[in-house]
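S.K.: Okay, so here is start_3.pdb, and as you'll see once you scroll down, it has PDB, C-alpha atoms.
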ATOM      1  CA  MET A   1      48.971 165.853 -96.971  1.00  0.00           C
ATOM      2  CA  ARG A   2      48.338 163.502 -94.098  1.00  0.00           C
ATOM      3  CA  LEU A   3      47.361 159.854 -94.272  1.00  0.00           C
ATOM      4  CA  ALA A   4      44.511 158.769 -92.014  1.00  0.00           C
ATOM      5  CA  PRO A   5      44.897 155.808 -89.636  1.00  0.00           C
ATOM      6  CA  SER A   6      43.237 152.469 -90.401  1.00  0.00           C
ATOM      7  CA  GLU A   7      41.957 153.427 -93.837  1.00  0.00           C
ATOM      8  CA  ARG A   8      41.901 151.873 -97.281  1.00  0.00           C
ATOM      9  CA  ALA A   9      41.437 153.750-100.543  1.00  0.00           C
ATOM     10  CA  ARG A  10      41.820 152.970-104.212  1.00  0.00           C
ATOM     11  CA  PHE A  11      43.371 155.573-106.509  1.00  0.00           C
ATOM     12  CA  VAL A  12      42.489 155.393-110.181  1.00  0.00           C
ATOM     13  CA  LEU A  13      43.555 157.973-112.749  1.00  0.00           C
ATOM     14  CA  HIS A  14      42.414 157.522-116.334  1.00  0.00           C
ATOM     15  CA  ARG A  15      43.927 158.587-119.636  1.00  0.00           C
ATOM     16  CA  PRO A  16      41.719 160.453-122.123  1.00  0.00           C
ATOM     17  CA  ASP A  17      41.016 157.127-123.884  1.00  0.00           C
ATOM     18  CA  GLY A  18      39.597 155.689-120.634  1.00  0.00           C
ATOM     19  CA  SER A  19      42.445 153.294-119.852  1.00  0.00           C
ATOM     20  CA  ALA A  20      43.912 153.356-116.345  1.00  0.00           C
ATOM     21  CA  PHE A  21      47.114 155.343-115.912  1.00  0.00           C
ATOM     22  CA  TYR A  22      47.282 154.639-112.164  1.00  0.00           C
ATOM     23  CA  ASP A  23      45.267 152.003-110.365  1.00  0.00           C
ATOM     24  CA  PHE A  24      46.493 151.119-106.891  1.00  0.00           C
ATOM     25  CA  GLU A  25      45.314 150.779-103.321  1.00  0.00           C
ATOM     26  CA  VAL A  26      46.671 152.500-100.234  1.00  0.00           C
ATOM     27  CA  GLU A  27      46.024 150.907 -96.850  1.00  0.00           C
ATOM     28  CA  THR A  28      47.172 152.373 -93.542  1.00  0.00           C
ATOM     29  CA  ASP A  29      47.586 150.847 -90.115  1.00  0.00           C
ATOM     30  CA  ALA A  30      46.555 152.329 -86.744  1.00  0.00           C
ATOM     31  CA  LEU A  31      49.526 154.752 -86.856  1.00  0.00           C
ATOM     32  CA  ALA A  32      48.647 155.923 -90.396  1.00  0.00           C
ATOM     33  CA  CYS A  33      51.663 154.137 -91.910  1.00  0.00           C
ATOM     34  CA  ARG A  34      51.252 152.574 -95.346  1.00  0.00           C
ATOM     35  CA  THR A  35      51.180 148.832 -94.998  1.00  0.00           C
ATOM     36  CA  SER A  36      51.046 145.829 -97.271  1.00  0.00           C
ATOM     37  CA  GLY A  37      49.075 143.906 -94.658  1.00  0.00           C
ATOM     38  CA  VAL A  38      51.548 141.021 -94.895  1.00  0.00           C
ATOM     39  CA  ARG A  39      53.209 141.143 -91.468  1.00  0.00           C
ATOM     40  CA  THR A  40      51.398 139.561 -88.527  1.00  0.00           C
ATOM     41  CA  GLY A  41      52.400 138.165 -85.169  1.00  0.00           C
ATOM     42  CA  ALA A  42      54.855 139.331 -82.541  1.00  0.00           C
ATOM     43  CA  ALA A  43      56.667 142.648 -82.686  1.00  0.00           C
ATOM     44  CA  PRO A  44      59.985 142.492 -84.539  1.00  0.00           C
ATOM     45  CA  PRO A  45      63.299 142.880 -82.704  1.00  0.00           C
ATOM     46  CA  SER A  46      63.815 146.356 -84.199  1.00  0.00           C
ATOM     47  CA  TYR A  47      62.280 148.951 -86.501  1.00  0.00           C
ATOM     48  CA  VAL A  48      63.625 151.019 -89.371  1.00  0.00           C
ATOM     49  CA  HIS A  49      61.803 154.251 -90.254  1.00  0.00           C
ATOM     50  CA  ALA A  50      61.538 154.744 -94.026  1.00  0.00           C
ATOM     51  CA  LEU A  51      61.061 158.482 -94.524  1.00  0.00           C
ATOM     52  CA  GLY A  52      60.355 160.501 -97.610  1.00  0.00           C
ATOM     53  CA  ASP A  53      57.809 161.630-100.147  1.00  0.00           C
ATOM     54  CA  SER A  54      55.693 159.859-102.764  1.00  0.00           C
ATOM     55  CA  PHE A  55      58.622 157.659-103.826  1.00  0.00           C
ATOM     56  CA  THR A  56      58.852 156.261-100.301  1.00  0.00           C
ATOM     57  CA  MET A  57      55.082 156.031 -99.928  1.00  0.00           C
ATOM     58  CA  GLY A  58      54.999 154.055-103.153  1.00  0.00           C
ATOM     59  CA  TRP A  59      52.663 156.312-105.135  1.00  0.00           C
ATOM     60  CA  GLY A  60      51.352 154.383-108.113  1.00  0.00           C
ATOM     61  CA  VAL A  61      52.480 150.925-107.017  1.00  0.00           C
ATOM     62  CA  ALA A  62      51.248 148.226-104.680  1.00  0.00           C
ATOM     63  CA  ALA A  63      52.613 148.523-101.127  1.00  0.00           C
ATOM     64  CA  GLN A  64      54.772 145.421-101.543  1.00  0.00           C
ATOM     65  CA  ASP A  65      56.490 147.029-104.547  1.00  0.00           C
ATOM     66  CA  ALA A  66      57.517 150.236-102.735  1.00  0.00           C
ATOM     67  CA  TRP A  67      61.159 150.389-101.632  1.00  0.00           C
ATOM     68  CA  PRO A  68      60.368 150.193 -97.877  1.00  0.00           C
ATOM     69  CA  ALA A  69      58.659 146.828 -98.412  1.00  0.00           C
ATOM     70  CA  ARG A  70      61.585 145.618-100.535  1.00  0.00           C
ATOM     71  CA  LEU A  71      64.026 146.645 -97.793  1.00  0.00           C
ATOM     72  CA  ASP A  72      61.802 144.908 -95.236  1.00  0.00           C
ATOM     73  CA  ALA A  73      62.003 141.688 -97.257  1.00  0.00           C
ATOM     74  CA  LEU A  74      65.806 141.974 -97.405  1.00  0.00           C
ATOM     75  CA  LEU A  75      65.929 142.153 -93.590  1.00  0.00           C
ATOM     76  CA  GLY A  76      64.416 138.665 -93.496  1.00  0.00           C
ATOM     77  CA  GLY A  77      62.482 139.145 -90.238  1.00  0.00           C
ATOM     78  CA  ARG A  78      65.414 140.713 -88.340  1.00  0.00           C
ATOM     79  CA  GLY A  79      63.492 143.977 -88.235  1.00  0.00           C
ATOM     80  CA  GLU A  80      60.498 145.770 -89.656  1.00  0.00           C
ATOM     81  CA  VAL A  81      60.645 148.706 -92.039  1.00  0.00           C
ATOM     82  CA  VAL A  82      57.891 151.195 -91.210  1.00  0.00           C
ATOM     83  CA  ASN A  83      56.777 153.106 -94.308  1.00  0.00           C
ATOM     84  CA  LEU A  84      56.356 156.715 -93.169  1.00  0.00           C
ATOM     85  CA  GLY A  85      56.387 158.171 -96.678  1.00  0.00           C
ATOM     86  CA  VAL A  86      53.714 160.704 -97.579  1.00  0.00           C
ATOM     87  CA  ASP A  87      53.224 162.436-100.913  1.00  0.00           C
ATOM     88  CA  GLY A  88      54.794 165.898-100.832  1.00  0.00           C
ATOM     89  CA  PHE A  89      56.771 165.411 -97.600  1.00  0.00           C
ATOM     90  CA  GLY A  90      60.088 167.173 -97.194  1.00  0.00           C
ATOM     91  CA  ALA A  91      62.708 166.730 -94.497  1.00  0.00           C
ATOM     92  CA  ILE A  92      60.861 168.743 -91.815  1.00  0.00           C
ATOM     93  CA  ALA A  93      57.552 166.906 -92.228  1.00  0.00           C
ATOM     94  CA  ALA A  94      59.299 163.516 -92.454  1.00  0.00           C
ATOM     95  CA  THR A  95      61.194 164.209 -89.223  1.00  0.00           C
ATOM     96  CA  GLY A  96      57.964 165.191 -87.490  1.00  0.00           C
ATOM     97  CA  ARG A  97      56.266 162.017 -88.701  1.00  0.00           C
ATOM     98  CA  SER A  98      59.141 159.912 -87.371  1.00  0.00           C
ATOM     99  CA  ARG A  99      58.915 161.622 -83.988  1.00  0.00           C
ATOM    100  CA  GLU A 100      55.155 160.969 -83.830  1.00  0.00           C
ATOM    101  CA  THR A 101      55.687 157.272 -84.571  1.00  0.00           C
ATOM    102  CA  TRP A 102      58.722 156.879 -82.288  1.00  0.00           C
ATOM    103  CA  PRO A 103      56.888 155.920 -79.047  1.00  0.00           C
ATOM    104  CA  ALA A 104      55.023 153.007 -80.662  1.00  0.00           C
ATOM    105  CA  ARG A 105      57.774 151.892 -83.055  1.00  0.00           C
ATOM    106  CA  PRO A 106      61.166 153.172 -81.890  1.00  0.00           C
ATOM    107  CA  PRO A 107      63.622 152.824 -84.775  1.00  0.00           C
ATOM    108  CA  ARG A 108      67.095 151.409 -84.647  1.00  0.00           C
ATOM    109  CA  ALA A 109      67.768 153.292 -87.877  1.00  0.00           C
ATOM    110  CA  ALA A 110      66.086 155.739 -90.232  1.00  0.00           C
ATOM    111  CA  VAL A 111      66.446 155.932 -94.010  1.00  0.00           C
ATOM    112  CA  TYR A 112      65.435 159.115 -95.791  1.00  0.00           C
ATOM    113  CA  LEU A 113      64.942 159.163 -99.558  1.00  0.00           C
ATOM    114  CA  PHE A 114      65.259 162.664-100.957  1.00  0.00           C
ATOM    115  CA  SER A 115      63.608 163.484-104.240  1.00  0.00           C
ATOM    116  CA  PRO A 116      63.615 167.020-105.659  1.00  0.00           C
ATOM    117  CA  ASN A 117      60.186 166.692-107.317  1.00  0.00           C
ATOM    118  CA  ASP A 118      58.086 167.045-104.132  1.00  0.00           C
TER     119      ASP A 118
END
Could you rewrite the structure in this file as structure tokens?

M.R.:
Amino acid sequence: MRLAPSERARFVLHRPDGSAFYDFEVETDALACRTSGVRTGAAPPSYVHALGDSFTMGWGVAAQDAWPARLDALLGGRGEVVNLGVDGFGAIAATGRSRETWPARPPRAAVYLFSPND
């Protein structure tokens, strides 16, 4: 799976009774990173690459509720966490994604969340 740059899509999965099981939006920036659209202005002093699968991407939740956005908030503007999570990504794909993003957003650190389900 590969996210497309500068896109927005809504994912809705329904239960048999018609109620929504999942209902969330995914928005990507020019580098195809999931974004909450909150950050604006000058570039931060440093970047952190958040790598992983659907847990990192934030499948099923709003972007601001995914762990990369929570970590970003904890940094309090001292850096920016770049959400490079993609559903189904393993270590090899996550490393490749980080290398692709490196020239535009060179990280000071990288955090990889491993989950055995993807």

S.K.: Hey, what's within 10 Å of Arg108 in chain A if we count all atoms listed in the file and toss same-chain stuff fewer than 3 positions away? As a VMD selection string, please?

M.R.: chain A and resid 45 to 49 79 105

S.K.: So that I have them on file, write out the residues from the current selection with C-alpha atoms, as a compact mmCIF listing (two decimals), in the frame of the given file.

M.R.:
# COMPACT_ATOMS: atom_id res chain seq x y z
CA PRO A 45 63.30 142.88 -82.70
CA SER A 46 63.82 146.36 -84.20
CA TYR A 47 62.28 148.95 -86.50
CA VAL A 48 63.62 151.02 -89.37
CA HIS A 49 61.80 154.25 -90.25
CA GLY A 79 63.49 143.98 -88.24
CA ARG A 105 57.77 151.89 -83.06

S.K.: Determine, counting all atoms listed in the file, which protein, DNA and RNA residues have an atom within 12 Å of an atom of Trp102 in chain A; residues of the same chain fewer than 2 positions away are not included. Present the result as a list in words.

M.R.: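 Once the nearby chain positions are removed, what remains is Leu31, Ser46, Tyr47, Val48, His49, Val82, Leu84, Thr95, Gly96, Arg97, Ser98, Arg99, Glu100, Ala104, Arg105, Pro106, Pro107, Arg108, Ala109 and Ala110 of chain A.
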
S.K.: Could you write those residues out with C-alpha atoms, as a PDB file, keeping the file's coordinate frame?

M.R.:
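part20.pdb was written with the following content:
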ATOM      1  CA  LEU A  31      49.526 154.752 -86.856  1.00  0.00           C
ATOM      2  CA  SER A  46      63.815 146.356 -84.199  1.00  0.00           C
ATOM      3  CA  TYR A  47      62.280 148.951 -86.501  1.00  0.00           C
ATOM      4  CA  VAL A  48      63.625 151.019 -89.371  1.00  0.00           C
ATOM      5  CA  HIS A  49      61.803 154.251 -90.254  1.00  0.00           C
ATOM      6  CA  VAL A  82      57.891 151.195 -91.210  1.00  0.00           C
ATOM      7  CA  LEU A  84      56.356 156.715 -93.169  1.00  0.00           C
ATOM      8  CA  THR A  95      61.194 164.209 -89.223  1.00  0.00           C
ATOM      9  CA  GLY A  96      57.964 165.191 -87.490  1.00  0.00           C
ATOM     10  CA  ARG A  97      56.266 162.017 -88.701  1.00  0.00           C
ATOM     11  CA  SER A  98      59.141 159.912 -87.371  1.00  0.00           C
ATOM     12  CA  ARG A  99      58.915 161.622 -83.988  1.00  0.00           C
ATOM     13  CA  GLU A 100      55.155 160.969 -83.830  1.00  0.00           C
ATOM     14  CA  ALA A 104      55.023 153.007 -80.662  1.00  0.00           C
ATOM     15  CA  ARG A 105      57.774 151.892 -83.055  1.00  0.00           C
ATOM     16  CA  PRO A 106      61.166 153.172 -81.890  1.00  0.00           C
ATOM     17  CA  PRO A 107      63.622 152.824 -84.775  1.00  0.00           C
ATOM     18  CA  ARG A 108      67.095 151.409 -84.647  1.00  0.00           C
ATOM     19  CA  ALA A 109      67.768 153.292 -87.877  1.00  0.00           C
ATOM     20  CA  ALA A 110      66.086 155.739 -90.232  1.00  0.00           C
TER      21      ALA A 110
END

S.K.: Rounded to one decimal place, report the CA of Tyr22 in chain A-CA of Ala62 in chain A distance in Å.

M.R.: 10.6 Å

S.K.: On this structure, which residues satisfy the PyMOL selection byres ((chain A and resi 30) around 10), written as a PDB file with C-alpha atoms, keeping the file's coordinate frame?

M.R.:
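Listing of result25.pdb after writing:
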ATOM      1  CA  ALA A   4      44.511 158.769 -92.014  1.00  0.00           C
ATOM      2  CA  PRO A   5      44.897 155.808 -89.636  1.00  0.00           C
ATOM      3  CA  SER A   6      43.237 152.469 -90.401  1.00  0.00           C
ATOM      4  CA  GLU A   7      41.957 153.427 -93.837  1.00  0.00           C
ATOM      5  CA  THR A  28      47.172 152.373 -93.542  1.00  0.00           C
ATOM      6  CA  ASP A  29      47.586 150.847 -90.115  1.00  0.00           C
ATOM      7  CA  LEU A  31      49.526 154.752 -86.856  1.00  0.00           C
ATOM      8  CA  ALA A  32      48.647 155.923 -90.396  1.00  0.00           C
ATOM      9  CA  CYS A  33      51.663 154.137 -91.910  1.00  0.00           C
ATOM     10  CA  ARG A  34      51.252 152.574 -95.346  1.00  0.00           C
TER      11      ARG A  34
END

S.K.: Tell me which residues the PyMOL selection byres ((chain A and resi 24) around 7) grabs here, as an MDAnalysis selection string.

M.R.: chainID A and resid 10:12 22:23 25:26 60:62

S.K.: Extract, using all atoms listed in the file, all DNA, RNA and protein residues at most 8 Å from Tyr112 in chain A, discarding same-chain residues fewer than 2 positions from it, and format them as a PyMOL selection string.

M.R.: chain A and resi 50-52+110+114

S.K.: Work out how far apart CA of Ala91 in chain A and CA of Leu113 in chain A are and give it in Å to one decimal.

M.R.: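 Distance between the two atoms: 9.4 Å.
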
S.K.: When you count only C-alpha atoms, which of these residues is closest to Phe89 in chain A: A:Gly18, A:Pro116, A:Pro103, A:Pro68?

M.R.: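 Under the stated criterion, the closest residue is A:Pro116.
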
S.K.: Between CA of Ala93 in chain A and CA of Leu71 in chain A, what is the spacing in Å?

M.R.: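 Separation of CA of Leu71 in chain A and CA of Ala93 in chain A: 22.0 Å.
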
S.K.: Would you please work out which residue, of A:Arg70, A:Arg8, A:Arg2, A:His14, is nearest to Gly85 in chain A when using all atoms listed in the file?

M.R.: A:Arg2

S.K.: Generate N, CA, C and O atoms for range 20-38 of chain A and emit them as a PDB file, keeping the file's coordinate frame.

M.R.:
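Final output, saved to part39.pdb:
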ATOM      1  N   ALA A  20      43.365 152.948-117.643  1.00  0.00           N
ATOM      2  CA  ALA A  20      43.912 153.356-116.345  1.00  0.00           C
ATOM      3  C   ALA A  20      45.385 153.729-116.480  1.00  0.00           C
ATOM      4  O   ALA A  20      46.180 152.986-117.038  1.00  0.00           O
ATOM      5  N   PHE A  21      45.725 154.901-115.978  1.00  0.00           N
ATOM      6  CA  PHE A  21      47.114 155.343-115.912  1.00  0.00           C
ATOM      7  C   PHE A  21      47.700 154.902-114.575  1.00  0.00           C
ATOM      8  O   PHE A  21      48.793 154.372-114.513  1.00  0.00           O
ATOM      9  N   TYR A  22      46.961 155.141-113.509  1.00  0.00           N
ATOM     10  CA  TYR A  22      47.282 154.639-112.164  1.00  0.00           C
ATOM     11  C   TYR A  22      46.075 153.870-111.671  1.00  0.00           C
ATOM     12  O   TYR A  22      44.943 154.287-111.870  1.00  0.00           O
ATOM     13  N   ASP A  23      46.329 152.774-111.001  1.00  0.00           N
ATOM     14  CA  ASP A  23      45.267 152.003-110.365  1.00  0.00           C
ATOM     15  C   ASP A  23      45.923 151.221-109.247  1.00  0.00           C
ATOM     16  O   ASP A  23      46.513 150.167-109.468  1.00  0.00           O
ATOM     17  N   PHE A  24      45.852 151.772-108.034  1.00  0.00           N
ATOM     18  CA  PHE A  24      46.493 151.119-106.891  1.00  0.00           C
ATOM     19  C   PHE A  24      45.739 151.445-105.618  1.00  0.00           C
ATOM     20  O   PHE A  24      44.954 152.378-105.560  1.00  0.00           O
ATOM     21  N   GLU A  25      45.981 150.637-104.612  1.00  0.00           N
ATOM     22  CA  GLU A  25      45.314 150.779-103.321  1.00  0.00           C
ATOM     23  C   GLU A  25      46.309 151.218-102.269  1.00  0.00           C
ATOM     24  O   GLU A  25      47.458 150.778-102.273  1.00  0.00           O
ATOM     25  N   VAL A  26      45.870 152.089-101.381  1.00  0.00           N
ATOM     26  CA  VAL A  26      46.671 152.500-100.234  1.00  0.00           C
ATOM     27  C   VAL A  26      45.918 152.083 -98.977  1.00  0.00           C
ATOM     28  O   VAL A  26      44.751 152.421 -98.808  1.00  0.00           O
ATOM     29  N   GLU A  27      46.594 151.334 -98.126  1.00  0.00           N
ATOM     30  CA  GLU A  27      46.024 150.907 -96.850  1.00  0.00           C
ATOM     31  C   GLU A  27      46.950 151.383 -95.746  1.00  0.00           C
ATOM     32  O   GLU A  27      48.171 151.299 -95.873  1.00  0.00           O
ATOM     33  N   THR A  28      46.371 151.907 -94.666  1.00  0.00           N
ATOM     34  CA  THR A  28      47.172 152.373 -93.542  1.00  0.00           C
ATOM     35  C   THR A  28      46.830 151.585 -92.287  1.00  0.00           C
ATOM     36  O   THR A  28      45.725 151.079 -92.134  1.00  0.00           O
ATOM     37  N   ASP A  29      47.810 151.520 -91.387  1.00  0.00           N
ATOM     38  CA  ASP A  29      47.586 150.847 -90.115  1.00  0.00           C
ATOM     39  C   ASP A  29      47.111 151.865 -89.067  1.00  0.00           C
ATOM     40  O   ASP A  29      46.803 153.010 -89.402  1.00  0.00           O
ATOM     41  N   ALA A  30      47.060 151.474 -87.812  1.00  0.00           N
ATOM     42  CA  ALA A  30      46.555 152.329 -86.744  1.00  0.00           C
ATOM     43  C   ALA A  30      47.391 153.589 -86.536  1.00  0.00           C
ATOM     44  O   ALA A  30      46.903 154.576 -85.987  1.00  0.00           O
ATOM     45  N   LEU A  31      48.663 153.575 -86.977  1.00  0.00           N
ATOM     46  CA  LEU A  31      49.526 154.752 -86.856  1.00  0.00           C
ATOM     47  C   LEU A  31      49.596 155.555 -88.153  1.00  0.00           C
ATOM     48  O   LEU A  31      50.435 156.428 -88.300  1.00  0.00           O
ATOM     49  N   ALA A  32      48.714 155.247 -89.098  1.00  0.00           N
ATOM     50  CA  ALA A  32      48.647 155.923 -90.396  1.00  0.00           C
ATOM     51  C   ALA A  32      49.883 155.683 -91.252  1.00  0.00           C
ATOM     52  O   ALA A  32      50.260 156.514 -92.067  1.00  0.00           O
ATOM     53  N   CYS A  33      50.518 154.534 -91.092  1.00  0.00           N
ATOM     54  CA  CYS A  33      51.663 154.137 -91.910  1.00  0.00           C
ATOM     55  C   CYS A  33      51.150 153.246 -93.039  1.00  0.00           C
ATOM     56  O   CYS A  33      50.302 152.382 -92.811  1.00  0.00           O
ATOM     57  N   ARG A  34      51.664 153.438 -94.244  1.00  0.00           N
ATOM     58  CA  ARG A  34      51.252 152.574 -95.346  1.00  0.00           C
ATOM     59  C   ARG A  34      51.735 151.161 -95.075  1.00  0.00           C
ATOM     60  O   ARG A  34      52.876 150.944 -94.670  1.00  0.00           O
ATOM     61  N   THR A  35      50.862 150.223 -95.289  1.00  0.00           N
ATOM     62  CA  THR A  35      51.180 148.832 -94.998  1.00  0.00           C
ATOM     63  C   THR A  35      50.748 147.942 -96.149  1.00  0.00           C
ATOM     64  O   THR A  35      49.826 148.264 -96.882  1.00  0.00           O
ATOM     65  N   SER A  36      51.440 146.817 -96.266  1.00  0.00           N
ATOM     66  CA  SER A  36      51.046 145.829 -97.271  1.00  0.00           C
ATOM     67  C   SER A  36      50.119 144.790 -96.661  1.00  0.00           C
ATOM     68  O   SER A  36      49.579 143.965 -97.360  1.00  0.00           O
ATOM     69  N   GLY A  37      49.948 144.850 -95.333  1.00  0.00           N
ATOM     70  CA  GLY A  37      49.075 143.906 -94.658  1.00  0.00           C
ATOM     71  C   GLY A  37      49.647 142.510 -94.562  1.00  0.00           C
ATOM     72  O   GLY A  37      48.961 141.575 -94.190  1.00  0.00           O
ATOM     73  N   VAL A  38      50.940 142.344 -94.875  1.00  0.00           N
ATOM     74  CA  VAL A  38      51.548 141.021 -94.895  1.00  0.00           C
ATOM     75  C   VAL A  38      52.011 140.586 -93.514  1.00  0.00           C
ATOM     76  O   VAL A  38      51.836 139.457 -93.111  1.00  0.00           O
TER      77      VAL A  38
END
